[in-house]
Structures are given as structure tokens and as C-alpha cells.
Amino acid sequence: MSKELNLWLDKLLSDIESVKVKRNSSRRIRIDVEPRALPALLELLQGRASYVHLSAISCVDWIDDDQFELVYHVWSYETNSLVSAHTRIPREPGVYLSIYDLYEPAGFFERDIHEMYGVYFEGSPDMGKFILTEWNGPPPMRKEFDSEAFVNQTFEWENYRPQWLKDLEEEGGGISIRPEDARR
Amino acid sequence: MRPKNYQAINHPPSNEFELNFGPNHPGIEGNYAFRVKLNGDEVLEAKADAGYLHRGFEKLMEGRLWIQNIALVPRICVPDPVPMEVCYSLAVEEIAGLEVPERAQWIRVLQLEMSRLAAHLFAFGGHAATCGMYTPSFWGVADRDLMLDRFEELTGGRVYSIYNIPGGVRREVPDGFLERLGALLDYLESRLPDYDNLFFTNQVFILRARDVGVMSQEQALKWGVTGPNLRATGLAFDVRRDDPYLVYDQIEFDIPTQPGGDCLSRNLVRRAELIQSIRIMRQVIERLPSIKGPIRCPIPNPLAWNVPAGEAYPRIESSKGELAYYVVSTGGDKPYRVHVRGPSSMHAVQVLEKLAVGSRLEDIAQIMFSLDACPPEVDR
């Protein structure tokens, strides 16, 4: 067991050039790490440094750099400090490893990121649709998706005339009253 | 009449059936649904089904000015909107390096506790109704309404106050407000024995809620449970004390815990938190008149405000648990990314799915209300 742990440590230390630690305040630590070293880092943080609570996984779309940034916020109930582990993965193919084995709450956040950004997490228990059940378009939180342009292209909201309203008006009903009728 | 090629399929005998629980169901909190697999009334499997209230807030916020988002964020959680405003404001202030005046911080604490109290009253009401007791729910809603009157007086809005902005709060406390709030607190405190008689020591409730939806402390930590639900498993953790924000480190309050981890414990924790909220508010009422100074620091023209590049992750103890905003700025007049970590995104999905298994169908509603899950936080 200890041999394995040493291997983990060695692996992390071999990547130490890529690990940048920055203390923002007494209770906030920022770590920048290569994608390949992040699961090992989180395992160490959880197992050796009591960071047992995964507060959130945030995804940021850096479209100009062609990268997704994944931020893992982990909290320690013993030392009362928050580590934000930042890593950047290429936008294409947008695949990364799940950390569900380490932190169960990751299941929700990974599913959410997959739905909103299209990042696939290998090993996550459920990558199915959750919030956008009836949505077949591109992942909407990506920066290239312009929701205002989508609305203007998809919906004729300026002259909204659905069939049911036309039918209703043919029968003499409807919600619109012509100005000349209103004056009478 | 059967077609000629009809062949009966012989299913193995099974008592299992699937039921759509919600979204139009009085036992579901908000717009939310469950697909449950049942054997009789025993739940074998529960799958959360969200998205009925998805409004795309995170995307909308990327297209609006920093100051405009203040009108959006409280709508993420209807029963407890103030922590949303405060948490977003804290994030912007941290990125922009704004120093919030002390008086504004005390007013914020006052408002956060008002919101917590109102949300807890609402939560009991909901839970009582799931046990078939409707009087506490009417009482809870009626007493919450008195708190909403004070919100209206302080902020102009009853539910969505839009009162906290980056840099401070929008308006000074009205004359005589603190006295009227103090009188309301006295009244609410005098009501607590009635609540006890009717609800918290009522055998109907105790027998119904004890040992239902049980989780151990180990499970709670593993599943990412926070807030009153975590304290109901015996762990005294509160963001207000252990990761203090605003002026909570200058205020005395206890962190109530319960050992059980069941529906009863979660409600008793909230019952005890009512007293602590009243205690905090009384301290603020006592201290606030002596704290002079402005209620907000000067900010640039908010319509042309380029917040410097940076990121922040402030955390807040909302009435439902740990609330956090991850805000990224690239130096523009709009946020580059806002991620909302609502407490219910854990409680209403993974935790509820696990707690429901093995319970009975009629307990799902009770477990959901005891977790004080707020589905709009899941959908966002």
C-alpha cells in the first residue's frame, strides 16, 4: 500500500514543474495542474490532506485558446480551506476522466458539464440528458452558441400566429380585438 | 380483435411498476419530477427528472452587464433569494477589489438572517403538509408573510428584493425599521411554543418522521450534503463560522446539531436555527445604530463598468446549505462565466435518489421537504 502511495507521490512530483500553487488568502488555494496529473492530485488531496468535500466542478470555455478549463473546488472540514484545482483540456475532442470514484458529487457536475458544454467524462455513471431533455442542438453553454441569434432564427416571435389562434379567430374568438371593434 | 400474427408475450410474474411522481403533484417541491420504480408501496429505484424550470441563467448572465445580473440572480431560488444576491455581489467585489463599508455588511447580515428565517418557516410549512398536517403550513406561510412585510419596508420588494449590489446595499434602513423588526422577532419567538405544541412535539409528526430518510454522517460527507442536512447528522459545520464572510466573525451564535440524520432531526435543526437567527438579528439590531458610515462604496458608472480580469469563488451558508458562485472576468463589462453551485443541486438529485430507495412511496414527499430541496437551483 505504502509502495503504491509512494508511486503516486513520485508521479505527482515528476509533474511538479506543471503544478503551480498560489495562495490567494488564508482559506483559498489555487493549484494549476496538467490534465494527466489532476486525478492523482485530487486523490492525494482527499486521502492525505482531508479535502473530502467536492464543492463544485466549474467549466469555463476559453474559445480563443481552443480549450476548456475545468475547476475542481474541494473543501477540507479539518483545515477549513478550499483548494481550486484548475486544469485545461483541448476543446476537441473534449474528453476527460471522471472523478466519480473519488467524489460522488462529481456525478451531478460532470453530467451537467456534459450537457451544457459537451465535455465527455469517461467513467462517469450517467452521461444522459438531465435538464435539456428535449434539446437536440449544440451544447448551449459553449461560447459559439449565440442564444439570441438562435431565438431570432428559430421563432417568429414578432408575428406569432399559431394555428390554434387562427382557428379560434375564424370562429369569431381570439385574444386580439381589432382597434375599430374596441372603439365601438 | 387480435391480428393474425398475434403472439402473447409471457412476462415473468412481477409486482413492479413505474410511477411518474410529479411534476404536477402536491408532494413535489417546485417544478420537479421523479420516476420511481415500486413494488407495492416500497420504492426500488428513484430517478430525478429536472429541467421543468430551466431558464438558462448562467448563459443569460454572460450576456448582461455586471449590474444587470443583480436582477437575475435572486430568481434562482424563490424561497431564499437574498443569499443569491449577496453571494454574487461578494464575487464581483472580490474580483474588482471593492471594500464594502462596515454598515453595509451589517445590513446584509440582517437581511440574510431575515431570509433564512422566512425560508425555514416556509420549509416547516411544506413538511407539515406532507404529514397531513395543514395548520402548521398555514401558520408558517402567514408568519413568513409578516417577514415579507419587513422586506418590503426595507427593500421595496417582498420576495425579490434586488437590494444588494456590488459595493454595498442600495438604500438606508428606514426610520423605525429596527424597532418594528424587533417587535416582529418578539412575536415570532412567542409563536415558537405554539409551533412546538402543534408540530415539533406532535406525535403524529414524530412517529411519521423518525427513522425516515436516514443517512449517517459518513454517507452525508460522501454524498456532498451541506447545511442543516449535514448538521442533522451530528457534524457542527457552518460556513458562517468556519469560512466566515461579511461580519459573521463578530457575531455570537451556536451551531445546532442533531444526531439522527432522519427527517425528524433535519426539522429539529431548522427549529433550533430559528432561535439562532433571531439571536443574530437581535445583535445586529443592537449594533447597527452605532455603526455610522456610508452604505456602499463608490463604484464606476455601472453601465460602463469593466471589472478587472480575475476569478472568485465565495461561499455562503444559505438556508438550504452551501451556496457558491464561481465568477470569471476577462476585464469586460459582462461576466465571462458565472457558475452557480446551489445547495439543492446535491440534495434534490443524488441524495434524494439514494434516500428514497427502500422508503415508502408516501415518504418521498416528506424526504424531499425535509431536505429542503429547491428545484430551481438544480435547473438554474
# chains A, B, ... in the order shown; residues from 1 in each chain; ligands from 1
>>> interface_residues(of="chain A", to="chain B", cutoff="7 Å", atoms="only C-alpha atoms", output="list of chain:residue names")
A:His53, A:Leu54, A:Ala56, A:Ser58, A:Val60, A:Asn80, A:Glu104, A:Pro105, A:Phe130, A:Ile131, A:Leu132, A:Met141
>>> residues_around(residues="Tyr51 (chain A)", least_positions_apart="6", cutoff="9 Å", atoms="only C-alpha atoms", output="VMD selection string")
chain A and resid 42 44 to 45 74 to 79 81 to 83
>>> select_by_dssp(residues="chain A", states="alpha helix (DSSP H)", output="ChimeraX atom specification")
/A:2-14,38-49,106-117,147-154,163-170,179-183
>>> closest_residue(among="A:Asp66, A:Glu144, A:Glu170, A:Asp32", to="Ile89 (chain A)", atoms="only C-alpha atoms")
A:Asp66
>>> residues_around(residues="Leu110 (chain B)", least_positions_apart="2", cutoff="12 Å", atoms="only C-alpha atoms", output="JSON, numbers by chain")
{"B": [82, 83, 86, 103, 104, 105, 106, 107, 108, 112, 113, 114, 115, 116, 117, 150, 151, 154, 164, 169, 173, 177, 178, 181, 182, 246, 247, 248, 251, 277, 278, 279, 280, 281, 282, 283, 284, 285, 286, 287, 288]}
>>> atom_distance(atom1="CA of Glu115 (chain A)", atom2="CA of Trp66 (chain B)")
25.7 Å
>>> atom_distance(atom1="CA of Ser318 (chain B)", atom2="CA of Leu102 (chain A)")
26.2 Å
>>> atom_distance(atom1="CA of Val19 (chain A)", atom2="CA of Val33 (chain A)")
4.7 Å
>>> select_by_dssp(residues="region 110-229 of chain B", states="strand (DSSP E)", output="PyMOL selection string")
chain B and resi 164-165+168-169
>>> write_last_selection(atoms="C-alpha atoms", output="PDB file, in the first residue's frame")
ATOM      1  CA  ASN B 164     -27.611  44.100  -2.570  1.00  0.00           C
ATOM      2  CA  ILE B 165     -25.418  45.427  -5.315  1.00  0.00           C
ATOM      3  CA  GLY B 168     -22.948  47.601  -0.700  1.00  0.00           C
ATOM      4  CA  VAL B 169     -26.694  47.926  -0.400  1.00  0.00           C
TER       5      VAL B 169
END
>>> residues_around(residues="Leu230 (chain B)", least_positions_apart="6", cutoff="9 Å", atoms="only C-alpha atoms", output="list in words")
Gln217, Ala220, Leu221, Gly224, Ala236, Phe237, Thr257, Gly261, Arg266 and Gly321 of chain B
>>> closest_residue(among="A:Arg161, A:Arg23, A:Arg142, A:Arg30", to="Ser84 (chain A)", atoms="only C-alpha atoms")
A:Arg30
>>> closest_residue(among="B:Leu121, B:Ile162, B:Leu72, B:Ala183", to="Arg271 (chain B)", atoms="only C-alpha atoms")
B:Leu121
>>> closest_residue(among="A:Val151, A:Ile57, A:Asp65, A:Tyr160", to="Glu110 (chain A)", atoms="only C-alpha atoms")
A:Ile57
>>> residues_around(residues="Lys143 (chain A)", least_positions_apart="2", cutoff="9 Å", atoms="only C-alpha atoms", output="compact mmCIF listing (two decimals) with C-alpha atoms, in the first residue's frame")
# COMPACT_ATOMS: atom_id res chain seq x y z
CA ASP A 61 -14.99 27.80 -22.28
CA TRP A 62 -11.85 29.61 -23.46
CA ILE A 63 -12.78 29.63 -27.10
CA PRO A 140 -25.77 25.72 -25.34
CA MET A 141 -23.21 26.99 -22.85
CA PHE A 145 -23.70 29.28 -29.36
CA ASP A 146 -25.49 32.64 -29.59
>>> residues_around(residues="Gly22 (chain B)", least_positions_apart="3", cutoff="9 Å", atoms="only C-alpha atoms", output="PyMOL selection string")
chain B and resi 25-28+31-35
>>> decode(residues="region 68-145 of chain A", atoms="C-alpha atoms", output="CSV table (one decimal), in the first residue's frame")
chain,number,residue,atom,x,y,z
A,68,PHE,CA,-12.0,24.1,-21.8
A,69,GLU,CA,-10.9,25.0,-18.2
A,70,LEU,CA,-12.1,22.6,-15.6
A,71,VAL,CA,-12.0,23.9,-12.0
A,72,TYR,CA,-12.4,21.4,-9.1
A,73,HIS,CA,-13.3,23.2,-5.8
A,74,VAL,CA,-12.5,20.9,-2.9
A,75,TRP,CA,-13.0,21.8,0.8
A,76,SER,CA,-11.4,20.4,3.9
A,77,TYR,CA,-13.5,20.2,7.0
A,78,GLU,CA,-10.4,19.8,9.1
A,79,THR,CA,-8.2,22.7,7.9
A,80,ASN,CA,-11.1,24.8,6.7
A,81,SER,CA,-9.6,25.7,3.4
A,82,LEU,CA,-10.7,25.5,-0.2
A,83,VAL,CA,-8.4,24.2,-3.0
A,84,SER,CA,-9.4,25.2,-6.5
A,85,ALA,CA,-7.6,22.9,-8.9
A,86,HIS,CA,-7.5,24.3,-12.4
A,87,THR,CA,-6.8,22.3,-15.5
A,88,ARG,CA,-7.2,22.9,-19.2
A,89,ILE,CA,-8.2,20.3,-21.7
A,90,PRO,CA,-8.3,20.8,-25.5
A,91,ARG,CA,-11.7,21.7,-26.8
A,92,GLU,CA,-11.6,18.9,-29.3
A,93,PRO,CA,-12.4,16.1,-28.7
A,94,GLY,CA,-13.4,17.4,-25.3
A,95,VAL,CA,-12.9,14.1,-23.3
A,96,TYR,CA,-11.7,13.9,-19.8
A,97,LEU,CA,-11.6,11.4,-16.9
A,98,SER,CA,-14.4,11.2,-14.4
A,99,ILE,CA,-13.5,11.6,-10.7
A,100,TYR,CA,-16.7,9.9,-9.5
A,101,ASP,CA,-14.6,7.2,-7.8
A,102,LEU,CA,-13.1,9.8,-5.6
A,103,TYR,CA,-16.0,12.2,-5.1
A,104,GLU,CA,-19.6,11.0,-5.6
A,105,PRO,CA,-21.0,14.6,-6.1
A,106,ALA,CA,-18.9,14.7,-9.3
A,107,GLY,CA,-21.6,12.6,-10.9
A,108,PHE,CA,-24.0,15.6,-11.0
A,109,PHE,CA,-21.5,18.2,-12.0
A,110,GLU,CA,-20.0,16.0,-14.8
A,111,ARG,CA,-23.4,15.3,-16.2
A,112,ASP,CA,-24.2,19.0,-16.1
A,113,ILE,CA,-21.0,19.9,-17.9
A,114,HIS,CA,-21.5,17.2,-20.5
A,115,GLU,CA,-25.0,18.6,-21.2
A,116,MET,CA,-24.0,22.2,-21.3
A,117,TYR,CA,-20.5,22.1,-22.8
A,118,GLY,CA,-20.3,18.7,-24.5
A,119,VAL,CA,-17.3,17.5,-22.5
A,120,TYR,CA,-17.5,13.7,-22.1
A,121,PHE,CA,-16.2,12.3,-18.8
A,122,GLU,CA,-15.0,8.7,-19.1
A,123,GLY,CA,-16.1,6.6,-16.2
A,124,SER,CA,-18.9,8.8,-15.1
A,125,PRO,CA,-22.0,6.8,-14.1
A,126,ASP,CA,-24.6,8.7,-16.1
A,127,MET,CA,-23.9,10.9,-19.1
A,128,GLY,CA,-27.5,11.0,-20.2
A,129,LYS,CA,-29.6,14.1,-20.6
A,130,PHE,CA,-30.9,15.7,-17.5
A,131,ILE,CA,-32.1,19.3,-17.7
A,132,LEU,CA,-32.2,19.8,-21.5
A,133,THR,CA,-34.3,16.7,-22.2
A,134,GLU,CA,-35.9,18.0,-25.4
A,135,TRP,CA,-32.9,19.8,-26.8
A,136,ASN,CA,-31.1,18.3,-29.8
A,137,GLY,CA,-29.0,21.3,-30.7
A,138,PRO,CA,-25.4,22.0,-29.8
A,139,PRO,CA,-24.4,22.3,-26.2
A,140,PRO,CA,-25.8,25.7,-25.3
A,141,MET,CA,-23.2,27.0,-22.9
A,142,ARG,CA,-20.4,26.9,-25.4
A,143,LYS,CA,-19.3,30.4,-26.4
A,144,GLU,CA,-20.0,29.9,-30.1
A,145,PHE,CA,-23.7,29.3,-29.4
